[in-house]
file final27.cif (mmCIF, C-alpha atoms)
data_protein
loop_
_atom_site.label_atom_id
_atom_site.label_comp_id
_atom_site.auth_asym_id
_atom_site.auth_seq_id
_atom_site.Cartn_x
_atom_site.Cartn_y
_atom_site.Cartn_z
CA MET F 1 134.63 91.54 114.81
CA GLY F 2 135.07 90.03 111.37
CA ASN F 3 132.61 91.96 109.29
CA ARG F 4 134.31 91.42 105.96
CA ALA F 5 131.65 89.03 104.78
CA ILE F 6 128.78 91.47 105.28
CA SER F 7 127.36 92.57 101.96
CA GLN F 8 127.22 96.20 100.89
CA ALA F 9 123.42 95.93 100.80
CA VAL F 10 123.30 95.04 104.50
CA ILE F 11 125.84 97.75 105.33
CA GLY F 12 123.63 100.23 103.51
CA ARG F 13 120.75 99.32 105.82
CA LEU F 14 122.72 99.50 109.08
CA PRO F 15 122.31 103.28 109.63
CA ARG F 16 118.54 102.83 109.56
CA TYR F 17 118.69 99.95 112.06
CA TYR F 18 120.95 102.11 114.19
CA ARG F 19 118.45 104.98 114.12
CA TYR F 20 115.52 102.75 115.07
CA LEU F 21 117.44 100.99 117.83
CA GLY F 22 118.49 104.39 119.18
CA GLU F 23 114.85 105.48 119.30
CA LEU F 24 113.90 102.26 121.10
CA LEU F 25 116.67 102.83 123.64
CA GLU F 26 115.49 106.39 124.22
CA SER F 27 112.00 105.15 124.95
CA GLY F 28 113.32 102.52 127.36
CA VAL F 29 112.73 99.38 125.28
CA GLU F 30 115.27 96.69 126.21
CA ARG F 31 114.23 93.79 124.02
CA ILE F 32 112.41 93.62 120.72
CA SER F 33 111.33 90.73 118.52
CA SER F 34 112.04 90.72 114.80
CA ASN F 35 108.27 90.87 114.27
CA ALA F 36 107.83 94.01 116.36
CA LEU F 37 110.87 95.64 114.74
CA SER F 38 109.47 94.62 111.36
CA LYS F 39 106.24 96.49 112.03
CA ARG F 40 108.05 99.64 113.11
CA MET F 41 110.54 99.66 110.26
CA LYS F 42 108.16 98.42 107.57
CA VAL F 43 110.50 95.75 106.31
CA THR F 44 109.78 92.03 106.55
CA ALA F 45 110.73 90.17 109.73
CA SER F 46 112.67 87.69 107.62
CA GLN F 47 114.74 90.51 106.14
CA ILE F 48 115.50 91.73 109.64
CA ARG F 49 116.49 88.25 110.81
CA GLN F 50 118.71 87.76 107.76
CA ASP F 51 120.37 91.15 108.19
CA LEU F 52 120.94 90.89 111.91
CA ASN F 53 122.06 87.27 111.80
CA ASN F 54 125.14 88.54 109.99
CA PHE F 55 126.45 89.69 113.32
CA GLY F 56 125.76 86.38 115.01
CA GLY F 57 124.31 85.65 118.39
CA PHE F 58 122.13 88.72 118.74
CA GLY F 59 118.74 87.11 118.42
CA GLN F 60 117.58 84.38 120.73
CA GLN F 61 114.57 82.36 119.66
CA GLY F 62 111.59 83.62 121.62
CA TYR F 63 113.52 86.31 123.46
CA GLY F 64 114.02 88.85 120.73
CA TYR F 65 116.98 91.13 120.30
CA ASN F 66 118.85 92.88 123.07
CA VAL F 67 118.40 96.47 121.90
CA LYS F 68 121.39 98.01 123.65
CA TYR F 69 123.81 95.26 122.62
CA LEU F 70 122.70 95.44 119.01
CA TYR F 71 122.85 99.24 119.02
CA THR F 72 126.38 99.19 120.41
CA GLU F 73 127.64 96.52 118.01
CA ILE F 74 126.18 98.22 114.95
CA GLY F 75 127.65 101.50 116.19
CA LYS F 76 131.09 99.86 116.32
CA ILE F 77 130.75 98.52 112.78
CA LEU F 78 129.72 101.97 111.59
CA GLY F 79 132.84 103.44 113.22
CA LEU F 80 130.78 105.58 115.61
CA GLU F 81 132.82 104.65 118.67
CA GLN F 82 135.71 106.72 117.38
CA LYS F 83 135.90 110.47 117.56
CA HIS F 84 136.26 112.34 114.27
CA HIS F 85 137.37 115.95 114.01
CA ILE F 86 135.52 117.88 111.36
CA VAL F 87 135.60 121.28 109.69
CA ILE F 88 132.80 122.90 107.76
CA ILE F 89 133.75 124.79 104.62
CA GLY F 90 131.06 127.35 103.80
CA ALA F 91 129.21 129.16 106.59
CA GLY F 92 126.06 129.93 104.60
CA ASN F 93 122.66 128.75 105.77
CA LEU F 94 123.39 125.10 105.11
CA GLY F 95 126.82 125.21 106.76
CA GLN F 96 125.32 126.93 109.78
CA ALA F 97 122.47 124.44 109.94
CA LEU F 98 124.96 121.56 110.05
CA ALA F 99 127.18 123.38 112.55
CA ASN F 100 124.19 123.79 114.85
CA TYR F 101 123.14 120.18 114.65
CA THR F 102 124.28 118.84 118.02
CA ALA F 103 123.28 115.24 117.30
CA PHE F 104 126.40 114.88 115.15
CA GLU F 105 128.55 115.72 118.17
CA LYS F 106 126.81 113.00 120.17
CA ARG F 107 127.84 110.46 117.54
CA GLY F 108 131.49 111.46 117.75
CA PHE F 109 131.76 114.10 115.04
CA ILE F 110 133.46 117.01 116.77
CA LEU F 111 133.30 120.40 115.07
CA LYS F 112 136.73 122.05 115.19
CA GLY F 113 136.48 124.81 112.60
CA ILE F 114 134.19 126.70 110.23
CA PHE F 115 135.54 128.55 107.20
CA ASP F 116 134.12 131.03 104.73
CA VAL F 117 135.29 133.69 102.29
CA ASP F 118 132.87 136.38 103.51
CA PRO F 119 134.73 138.88 105.77
CA ALA F 120 131.38 139.88 107.34
CA LEU F 121 131.23 136.43 108.96
CA GLU F 122 134.77 136.47 110.38
CA GLY F 123 134.89 135.79 114.11
CA ARG F 124 131.19 135.03 114.47
CA LYS F 125 130.76 131.95 116.60
CA ILE F 126 128.54 128.93 116.14
CA ARG F 127 128.36 126.70 119.20
CA GLY F 128 131.55 128.38 120.42
CA VAL F 129 133.47 127.71 117.19
CA PRO F 130 134.57 130.91 115.42
CA ILE F 131 134.14 131.33 111.68
CA ARG F 132 137.58 131.69 110.11
CA MET F 133 138.63 132.99 106.71
CA MET F 134 139.58 130.55 103.96
CA SER F 135 143.04 132.13 103.85
CA GLU F 136 143.68 130.56 107.27
CA LEU F 137 142.60 127.07 106.21
CA LYS F 138 146.00 125.66 105.26
CA ASP F 139 147.68 126.68 108.52
CA PHE F 140 144.70 125.46 110.50
CA LEU F 141 144.83 122.03 108.88
CA SER F 142 148.54 121.70 109.52
CA GLU F 143 148.08 122.55 113.20
CA ASN F 144 144.96 120.45 113.82
CA HIS F 145 144.29 116.83 113.02
CA ILE F 146 141.15 117.09 110.87
CA GLU F 147 139.74 113.93 109.33
CA ILE F 148 136.49 115.07 107.76
CA ALA F 149 135.55 118.22 105.86
CA VAL F 150 131.94 119.15 105.19
CA LEU F 151 131.68 121.00 101.89
CA THR F 152 128.77 123.44 101.70
CA ILE F 153 130.01 125.82 99.02
CA PRO F 154 128.88 126.47 95.43
CA LYS F 155 129.95 123.89 92.87
CA THR F 156 132.18 126.39 91.05
CA HIS F 157 134.83 126.24 93.79
CA ALA F 158 134.14 122.79 95.21
CA GLY F 159 136.73 120.88 93.17
CA GLU F 160 139.55 123.27 93.91
CA VAL F 161 138.76 123.50 97.64
CA ALA F 162 138.40 119.71 97.90
CA ARG F 163 141.87 119.21 96.43
CA LYS F 164 143.31 121.72 98.87
CA LEU F 165 141.68 119.88 101.78
CA VAL F 166 143.03 116.54 100.63
CA ASP F 167 146.50 117.95 99.98
CA ASN F 168 146.50 119.07 103.59
CA GLY F 169 145.59 115.76 105.15
CA VAL F 170 141.78 115.56 105.15
CA LYS F 171 140.73 111.95 104.58
CA ALA F 172 137.01 112.22 103.98
CA ILE F 173 134.61 114.72 102.46
CA TRP F 174 130.90 115.07 103.11
CA ASN F 175 129.98 116.82 99.91
CA PHE F 176 126.89 119.03 99.61
CA ALA F 177 128.17 120.91 96.55
CA HIS F 178 126.17 120.09 93.44
CA THR F 179 129.00 118.40 91.66
CA ASP F 180 131.02 115.20 91.86
CA LEU F 181 134.53 115.63 93.21
CA ASN F 182 137.37 113.97 91.35
CA LEU F 183 139.63 112.92 94.19
CA PRO F 184 142.21 110.16 94.71
CA GLU F 185 140.60 106.78 95.33
CA HIS F 186 141.65 106.50 98.95
CA ILE F 187 139.66 109.61 99.88
CA VAL F 188 136.22 108.78 101.26
CA VAL F 189 133.51 110.91 99.66
CA GLU F 190 129.86 110.86 100.69
CA ASN F 191 127.69 112.97 98.42
CA VAL F 192 124.42 114.61 99.41
CA HIS F 193 123.02 115.81 96.11
CA LEU F 194 119.82 117.53 97.18
CA SER F 195 118.73 118.43 93.66
CA GLU F 196 118.84 114.74 92.71
CA SER F 197 116.71 113.90 95.70
CA LEU F 198 114.18 116.52 94.61
CA MET F 199 114.15 115.01 91.10
CA ARG F 200 113.32 111.58 92.52
CA LEU F 201 110.43 113.22 94.35
CA SER F 202 109.29 114.90 91.16
CA TYR F 203 109.57 111.63 89.22
CA ASN F 204 107.43 109.82 91.76
CA ILE F 205 104.75 112.52 91.61
CA ALA F 206 104.72 112.25 87.80
CA ARG F 207 104.45 108.45 88.00
CA TYR F 208 101.60 108.67 90.49
CA GLU F 209 99.69 111.09 88.28
CA GLU F 210 100.24 108.83 85.29
CA LYS F 211 98.79 105.92 87.23
CA GLN F 212 95.75 107.98 88.22
CA ARG F 213 95.16 108.89 84.56
CA GLU F 214 95.45 105.23 83.56
CA LYS F 215 92.84 104.30 86.12
CA LYS F 216 90.40 106.83 84.70
CA GLU F 217 90.86 105.67 81.12
CA MET W 1 106.59 108.40 76.09
CA GLY W 2 106.12 104.86 77.32
CA ASN W 3 108.57 104.64 80.16
CA ARG W 4 106.86 101.87 82.07
CA ALA W 5 109.49 99.36 81.09
CA ILE W 6 112.39 101.37 82.49
CA SER W 7 113.79 99.71 85.58
CA GLN W 8 113.97 101.44 88.94
CA ALA W 9 117.75 101.15 88.80
CA VAL W 10 117.87 103.19 85.60
CA ILE W 11 115.36 105.69 87.00
CA GLY W 12 117.58 106.06 90.02
CA ARG W 13 120.47 107.06 87.78
CA LEU W 14 118.52 109.58 85.66
CA PRO W 15 118.97 112.57 88.02
CA ARG W 16 122.73 112.18 87.73
CA TYR W 17 122.56 112.01 83.93
CA TYR W 18 120.34 115.07 84.01
CA ARG W 19 122.86 116.98 86.13
CA TYR W 20 125.79 116.09 83.85
CA LEU W 21 123.84 116.89 80.69
CA GLY W 22 122.84 120.23 82.22
CA GLU W 23 126.49 121.03 82.91
CA LEU W 24 127.42 120.09 79.33
CA LEU W 25 124.66 122.36 78.00
CA GLU W 26 125.87 125.23 80.16
CA SER W 27 129.35 124.86 78.74
CA GLY W 28 128.03 124.79 75.18
CA VAL W 29 128.57 121.11 74.36
CA GLU W 30 126.00 119.97 71.78
CA ARG W 31 126.99 116.37 71.20
CA ILE W 32 128.81 113.83 73.32
CA SER W 33 129.85 110.24 72.75
CA SER W 34 129.12 107.56 75.33
CA ASN W 35 132.91 107.24 75.78
CA ALA W 36 133.36 110.92 76.62
CA LEU W 37 130.34 110.90 78.92
CA SER W 38 131.73 107.73 80.51
CA LYS W 39 134.98 109.48 81.40
CA ARG W 40 133.21 112.46 82.92
CA MET W 41 130.70 110.43 84.90
CA LYS W 42 133.08 107.60 85.87
CA VAL W 43 130.70 104.87 84.82
CA THR W 44 131.38 102.47 81.95
CA ALA W 45 130.43 103.50 78.42
CA SER W 46 128.45 100.28 78.08
CA GLN W 47 126.40 101.17 81.17
CA ILE W 48 125.66 104.56 79.64
CA ARG W 49 124.64 103.00 76.32
CA GLN W 50 122.42 100.48 78.09
CA ASP W 51 120.78 103.15 80.23
CA LEU W 52 120.22 105.68 77.49
CA ASN W 53 119.07 103.10 74.93
CA ASN W 54 116.00 102.71 77.12
CA PHE W 55 114.71 105.92 75.65
CA GLY W 56 115.39 104.84 72.09
CA GLY W 57 116.84 106.77 69.22
CA PHE W 58 119.06 109.10 71.19
CA GLY W 59 122.44 107.74 70.23
CA GLN W 60 123.57 107.53 66.67
CA GLN W 61 126.56 105.32 65.96
CA GLY W 62 129.57 107.59 65.50
CA TYR W 63 127.66 110.79 66.14
CA GLY W 64 127.17 110.58 69.88
CA TYR W 65 124.21 111.86 71.82
CA ASN W 66 122.38 115.10 71.20
CA VAL W 67 122.85 116.73 74.60
CA LYS W 68 119.90 119.10 74.52
CA TYR W 69 117.45 116.48 73.25
CA LEU W 70 118.54 113.97 75.87
CA TYR W 71 118.43 116.62 78.62
CA THR W 72 114.90 117.62 77.64
CA GLU W 73 113.61 114.05 77.36
CA ILE W 74 115.07 112.99 80.70
CA GLY W 75 113.65 116.17 82.23
CA LYS W 76 110.19 115.16 80.96
CA ILE W 77 110.50 111.68 82.43
CA LEU W 78 111.55 113.19 85.75
CA GLY W 79 108.47 115.42 85.70
CA LEU W 80 110.55 118.61 85.59
CA GLU W 81 108.52 120.21 82.81
CA GLN W 82 105.65 120.72 85.21
CA LYS W 83 105.50 123.44 87.82
CA HIS W 84 105.13 122.35 91.43
CA HIS W 85 104.06 124.65 94.22
CA ILE W 86 105.92 124.04 97.45
CA VAL W 87 105.85 125.16 101.07
CA ILE W 88 108.67 124.85 103.57
CA ILE W 89 107.71 123.88 107.11
CA GLY W 90 110.41 125.02 109.50
CA ALA W 91 112.30 128.27 108.90
CA GLY W 92 115.44 127.33 110.81
CA ASN W 93 118.84 127.33 109.15
CA LEU W 94 118.07 124.34 106.95
CA GLY W 95 114.66 125.65 105.91
CA GLN W 96 116.18 129.02 105.07
CA ALA W 97 119.02 127.38 103.14
CA LEU W 98 116.50 125.50 101.00
CA ALA W 99 114.30 128.60 100.59
CA ASN W 100 117.30 130.52 99.29
CA TYR W 101 118.31 127.88 96.81
CA THR W 102 117.19 129.43 93.52
CA ALA W 103 118.15 126.43 91.40
CA PHE W 104 115.01 124.64 92.62
CA GLU W 105 112.89 127.43 91.15
CA LYS W 106 114.61 126.99 87.80
CA ARG W 107 113.53 123.35 87.79
CA GLY W 108 109.90 124.21 88.37
CA PHE W 109 109.65 124.06 92.16
CA ILE W 110 107.98 127.35 93.09
CA LEU W 111 108.17 128.43 96.73
CA LYS W 112 104.75 129.69 97.85
CA GLY W 113 105.02 129.72 101.63
CA ILE W 114 107.31 129.26 104.61
CA PHE W 115 105.98 128.35 108.05
CA ASP W 116 107.40 128.26 111.55
CA VAL W 117 106.25 128.34 115.17
CA ASP W 118 108.69 131.04 116.27
CA PRO W 119 106.87 134.42 116.52
CA ALA W 120 110.24 136.21 116.17
CA LEU W 121 110.36 135.03 112.55
CA GLU W 122 106.82 136.12 111.61
CA GLY W 123 106.71 138.35 108.54
CA ARG W 124 110.41 138.04 107.74
CA LYS W 125 110.83 137.47 104.03
CA ILE W 126 113.01 135.04 102.15
CA ARG W 127 113.17 135.73 98.42
CA GLY W 128 110.02 137.78 98.82
CA VAL W 129 108.08 135.02 100.56
CA PRO W 130 107.00 135.93 104.10
CA ILE W 131 107.41 133.51 106.99
CA ARG W 132 103.96 132.65 108.35
CA MET W 133 102.93 131.09 111.63
CA MET W 134 101.92 127.42 111.77
CA SER W 135 98.49 128.49 112.99
CA GLU W 136 97.85 129.89 109.50
CA LEU W 137 98.89 126.70 107.70
CA LYS W 138 95.48 125.08 107.33
CA ASP W 139 93.83 128.15 105.83
CA PHE W 140 96.80 128.73 103.57
CA LEU W 141 96.63 125.18 102.20
CA SER W 142 92.92 125.46 101.53
CA GLU W 143 93.41 128.71 99.61
CA ASN W 144 96.50 127.66 97.65
CA HIS W 145 97.15 124.60 95.57
CA ILE W 146 100.27 123.19 97.23
CA GLU W 147 101.65 119.88 96.00
CA ILE W 148 104.90 119.50 97.90
CA ALA W 149 105.86 120.27 101.49
CA VAL W 150 109.47 120.39 102.61
CA LEU W 151 109.73 119.27 106.22
CA THR W 152 112.67 120.78 108.11
CA ILE W 153 111.43 120.50 111.68
CA PRO W 154 112.54 118.33 114.63
CA LYS W 155 111.44 114.71 114.53
CA THR W 156 109.23 115.14 117.60
CA HIS W 157 106.60 117.05 115.62
CA ALA W 158 107.26 115.69 112.14
CA GLY W 159 104.65 112.93 112.17
CA GLU W 160 101.84 115.13 113.40
CA VAL W 161 102.65 117.98 110.99
CA ALA W 162 102.98 115.57 108.06
CA ARG W 163 99.50 114.19 108.73
CA LYS W 164 98.09 117.71 108.86
CA LEU W 165 99.71 118.53 105.52
CA VAL W 166 98.35 115.40 103.89
CA ASP W 167 94.87 115.95 105.37
CA ASN W 168 94.90 119.35 103.69
CA GLY W 169 95.80 118.18 100.22
CA VAL W 170 99.60 118.00 100.08
CA LYS W 171 100.64 115.09 97.84
CA ALA W 172 104.34 114.80 98.45
CA ILE W 173 106.75 115.39 101.29
CA TRP W 174 110.46 116.06 101.08
CA ASN W 175 111.38 114.94 104.56
CA PHE W 176 114.49 116.21 106.35
CA ALA W 177 113.21 115.31 109.83
CA HIS W 178 115.21 112.47 111.37
CA THR W 179 112.35 110.04 111.38
CA ASP W 180 110.29 108.01 108.93
CA LEU W 181 106.79 109.30 108.32
CA ASN W 182 103.92 106.85 108.41
CA LEU W 183 101.66 108.20 105.71
CA PRO W 184 99.07 106.70 103.34
CA GLU W 185 100.66 104.82 100.47
CA HIS W 186 99.61 107.26 97.76
CA ILE W 187 101.64 110.05 99.38
CA VAL W 188 105.08 110.46 97.82
CA VAL W 189 107.80 110.72 100.46
CA GLU W 190 111.45 111.41 99.70
CA ASN W 191 113.64 111.18 102.78
CA VAL W 192 116.93 113.00 103.27
CA HIS W 193 118.33 111.40 106.41
CA LEU W 194 121.55 113.34 106.90
CA SER W 195 122.62 111.39 109.97
CA GLU W 196 122.49 108.15 107.95
CA SER W 197 124.62 109.73 105.27
CA LEU W 198 127.17 110.72 107.90
CA MET W 199 127.18 107.14 109.24
CA ARG W 200 127.98 105.79 105.78
CA LEU W 201 130.88 108.23 105.67
CA SER W 202 132.02 107.05 109.09
CA TYR W 203 131.71 103.39 108.07
CA ASN W 204 133.84 103.96 104.98
CA ILE W 205 136.56 105.68 107.03
CA ALA W 206 136.57 102.75 109.46
CA ARG W 207 136.79 100.27 106.57
CA TYR W 208 139.65 102.19 105.00
CA GLU W 209 141.58 102.24 108.27
CA GLU W 210 140.99 98.52 108.70
CA LYS W 211 142.43 97.89 105.23
CA GLN W 212 145.49 99.99 106.03
CA ARG W 213 146.08 97.98 109.21
CA GLU W 214 145.73 94.71 107.26
CA LYS W 215 148.36 95.88 104.78
CA LYS W 216 150.82 96.58 107.57
CA GLU W 217 150.34 93.20 109.22
#
call {"tool": "encode", "arguments": {"input": "final27.cif", "output": "C-alpha cells"}}
result
Amino acid sequence: MGNRAISQAVIGRLPRYYRYLGELLESGVERISSNALSKRMKVTASQIRQDLNNFGGFGQQGYGYNVKYLYTEIGKILGLEQKHHIVIIGAGNLGQALANYTAFEKRGFILKGIFDVDPALEGRKIRGVPIRMMSELKDFLSENHIEIAVLTIPKTHAGEVARKLVDNGVKAIWNFAHTDLNLPEHIVVENVHLSESLMRLSYNIARYEEKQREKKE
Amino acid sequence: MGNRAISQAVIGRLPRYYRYLGELLESGVERISSNALSKRMKVTASQIRQDLNNFGGFGQQGYGYNVKYLYTEIGKILGLEQKHHIVIIGAGNLGQALANYTAFEKRGFILKGIFDVDPALEGRKIRGVPIRMMSELKDFLSENHIEIAVLTIPKTHAGEVARKLVDNGVKAIWNFAHTDLNLPEHIVVENVHLSESLMRLSYNIARYEEKQREKKE
C-alpha cells in the first residue's frame, strides 16, 4: 500500500481511529457511517471522510465503513502486523506496570526481558519473564534480537543506558525518562514525558480559572 | 501577564522550555543565549526567539536570557505557582508509580488520597498517604477540596468513575485509562494514551524499514 502521500497530521490521528475501530469490533459492530463515527469520536464527519479517504475505497456512499477492513488496514500502516521483541529497562513501579500490561502483547509487542540494577529484584518474574541485572544486558542483547527498549529509569542514567542499547542493536526507544535522548537520527524515539503532560493540565486549569474571573468582572 | 495572545502551538512547547530551563538552573547556569539553548533543545534559534519573545523583555541582545526569570515566568503561565490537591484512583502499579513520583509534589501537585477497590490494599501507605476504598470516595471528596483526579483504572469503569468525580467537585482529570471520557466541557481532561504512543513508535519503525528497503532497490 502506497502510504507515502499521507500527511503526518493524518498519521498522528490513526492510533485513535485504530482504538475506536477496535472497540467497535469488540462490541460486534460491522459497519459504521462517518456520521456515527463522528459522534463517537467527537471530530467532524468531514474530517473523518477526509482522513479515511486517504486509504481509498473504504467508504461506500450510503453503506458506511467496513469496520474490520479499516481496522486491519490501519493496523498494517501502523506496523502492528509485525511482531516486535521488547525489553524493559527499569523494573520499578512504572516498568512493572508496563510489563503487566497484556494489551501490548496482543498488538505484537512481545516482552523478552526486564532489567534493573537492584539485586533485590533479581530473578523475580513478571508474566513469566525474570528480572535480570543490568550487568547481563549486553550479553542478552547479543543473544536475542531485540528491536525496542522501554526506558523507565531516572533521567540521570537514561542517556548512558540509551547509548548502550543502541550500540548493541536496539532500533527504537520508548522513553519514559524525564529527559530527551541524544541518539543517532536513524534511531526511533517516542517520548512519554509525564511531567509535561501534567503541566498542560495545570495550564488548562489556570486558563479556565482566568476565564471564570473574566466573566465575573 | 496578558498571555491571551499566545498561540496554542507556543503553549504546547512551554512545558519543554520549562524542563530545559529547570535543568539549566539545577546545573547553575544563569544566562543562556538563544543559540546555546537551540543546540541543547534541537530546535532552531529563531524558533526559540519567536517563542520567547511572546513574553516580552526576556532576551537582551548579546546578553542572552535570564534563566531563572524565564523559568519563573513560564512556571506562572503554566499555573505551577499554585498548589493543586490531587487524588489517584487506582492503586495498581501505574497508580503507585505516580504516587511515588516526588517531582510532582515539587511542582505543586499535592497527593491527598489514593483509592482502589481491592480490599487487600486498604490502609497500605504510599508516601504517608493511605490507600482508601472506593466506597469512601464520595465522603472524602466532600470533606476535602480536591481539584485533580488521576485515573489509572481499566477503561471499563473509567467513564462511570470520572462522572462520579466530576459530580463531587473534581475539576480536572489526568486520564490514563485507555478510553476517552465524555465529560462536560468545563472539565479539563489531559489524556495519556500509552497504547497510542506505542503505535506511533511502531509506525516509525515500519516507515524506517520501508525506507531502508527502498534504498536497496
call {"tool": "residues_around", "arguments": {"input": "final27.cif", "residues": "region 120-135 of chain F", "least_positions_apart": "2", "cutoff": "8 Å", "atoms": "only C-alpha atoms", "output": "PyMOL selection string"}}
result
chain F and resi 91+96+99-100+111-118+137-138
call {"tool": "resolve_selection", "arguments": {"input": "final27.cif", "expression": "the PyMOL selection byres ((chain F) within 6 of (chain W))", "output": "mmCIF file with C-alpha atoms, in the frame of the given file"}}
result
data_model
loop_
_atom_site.group_PDB
_atom_site.id
_atom_site.type_symbol
_atom_site.label_atom_id
_atom_site.label_comp_id
_atom_site.auth_asym_id
_atom_site.auth_seq_id
_atom_site.Cartn_x
_atom_site.Cartn_y
_atom_site.Cartn_z
ATOM 1 C CA PRO F 15 122.310 103.280 109.630
ATOM 2 C CA LEU F 78 129.720 101.970 111.590
ATOM 3 C CA GLY F 79 132.840 103.440 113.220
ATOM 4 C CA ASN F 93 122.660 128.750 105.770
ATOM 5 C CA LEU F 94 123.390 125.100 105.110
ATOM 6 C CA ALA F 97 122.470 124.440 109.940
ATOM 7 C CA GLU F 190 129.860 110.860 100.690
ATOM 8 C CA GLU F 196 118.840 114.740 92.710
ATOM 9 C CA LEU F 201 110.430 113.220 94.350
ATOM 10 C CA SER F 202 109.290 114.900 91.160
ATOM 11 C CA TYR F 203 109.570 111.630 89.220
ATOM 12 C CA ALA F 206 104.720 112.250 87.800
#
call {"tool": "resolve_selection", "arguments": {"input": "final27.cif", "expression": "the PyMOL selection byres ((chain W and resi 152-158) around 6)", "output": "MDAnalysis selection string"}}
result
chainID W and resid 89:90 95 151 159:162 176:179
call {"tool": "resolve_selection", "arguments": {"input": "final27.cif", "expression": "the PyMOL selection byres ((chain W and resi 28-37) around 8)", "output": "MDAnalysis selection string"}}
result
chainID W and resid 24:27 38:41 44:46 48:49 62:68
call {"tool": "atom_distance", "arguments": {"input": "final27.cif", "atom1": "CA of Glu217 (chain F)", "atom2": "CA of Ile6 (chain W)"}}
result
22.0 Å
call {"tool": "atom_distance", "arguments": {"input": "final27.cif", "atom1": "CA of Gly22 (chain W)", "atom2": "CA of Asn175 (chain F)"}}
result
19.4 Å
call {"tool": "atom_distance", "arguments": {"input": "final27.cif", "atom1": "CA of Val166 (chain W)", "atom2": "CA of Lys215 (chain F)"}}
result
21.7 Å
call {"tool": "closest_residue", "arguments": {"input": "final27.cif", "among": "F:Ala9, F:Val170, F:Val43, F:Ile110", "to": "Ala149 (chain F)", "atoms": "all atoms listed in the file"}}
result
F:Val170
call {"tool": "decode", "arguments": {"input": "final27.cif", "residues": "region 5-40 of chain W", "atoms": "C-alpha atoms", "output": "PDB file, in the first residue's frame"}}
result
ATOM      1  CA  ALA W   5      -2.392  36.305  22.503  1.00  0.00           C
ATOM      2  CA  ILE W   6      -0.006  33.378  22.848  1.00  0.00           C
ATOM      3  CA  SER W   7      -0.839  30.684  20.338  1.00  0.00           C
ATOM      4  CA  GLN W   8      -1.687  27.133  21.334  1.00  0.00           C
ATOM      5  CA  ALA W   9       1.390  25.946  19.455  1.00  0.00           C
ATOM      6  CA  VAL W  10       3.649  28.063  21.670  1.00  0.00           C
ATOM      7  CA  ILE W  11       1.760  26.978  24.788  1.00  0.00           C
ATOM      8  CA  GLY W  12       2.295  23.395  23.736  1.00  0.00           C
ATOM      9  CA  ARG W  13       6.042  23.979  23.683  1.00  0.00           C
ATOM     10  CA  LEU W  14       6.246  25.756  27.066  1.00  0.00           C
ATOM     11  CA  PRO W  15       6.499  22.588  29.212  1.00  0.00           C
ATOM     12  CA  ARG W  16       9.599  21.572  27.276  1.00  0.00           C
ATOM     13  CA  TYR W  17      11.169  25.008  27.714  1.00  0.00           C
ATOM     14  CA  TYR W  18      10.314  24.795  31.390  1.00  0.00           C
ATOM     15  CA  ARG W  19      12.027  21.407  31.710  1.00  0.00           C
ATOM     16  CA  TYR W  20      15.202  22.600  29.966  1.00  0.00           C
ATOM     17  CA  LEU W  21      15.336  25.834  31.951  1.00  0.00           C
ATOM     18  CA  GLY W  22      14.893  23.812  35.152  1.00  0.00           C
ATOM     19  CA  GLU W  23      17.838  21.611  34.193  1.00  0.00           C
ATOM     20  CA  LEU W  24      19.957  24.686  33.444  1.00  0.00           C
ATOM     21  CA  LEU W  25      19.056  26.157  36.838  1.00  0.00           C
ATOM     22  CA  GLU W  26      19.983  22.915  38.572  1.00  0.00           C
ATOM     23  CA  SER W  27      23.388  22.987  36.930  1.00  0.00           C
ATOM     24  CA  GLY W  28      23.938  26.605  37.935  1.00  0.00           C
ATOM     25  CA  VAL W  29      23.554  28.290  34.541  1.00  0.00           C
ATOM     26  CA  GLU W  30      22.268  31.854  34.992  1.00  0.00           C
ATOM     27  CA  ARG W  31      22.175  33.125  31.427  1.00  0.00           C
ATOM     28  CA  ILE W  32      21.848  31.400  28.092  1.00  0.00           C
ATOM     29  CA  SER W  33      21.787  32.643  24.519  1.00  0.00           C
ATOM     30  CA  SER W  34      19.116  31.506  22.094  1.00  0.00           C
ATOM     31  CA  ASN W  35      21.907  29.811  20.108  1.00  0.00           C
ATOM     32  CA  ALA W  36      23.102  27.753  23.069  1.00  0.00           C
ATOM     33  CA  LEU W  37      19.542  26.865  24.044  1.00  0.00           C
ATOM     34  CA  SER W  38      18.898  25.960  20.403  1.00  0.00           C
ATOM     35  CA  LYS W  39      21.736  23.426  20.430  1.00  0.00           C
ATOM     36  CA  ARG W  40      20.541  21.811  23.646  1.00  0.00           C
TER      37      ARG W  40
END
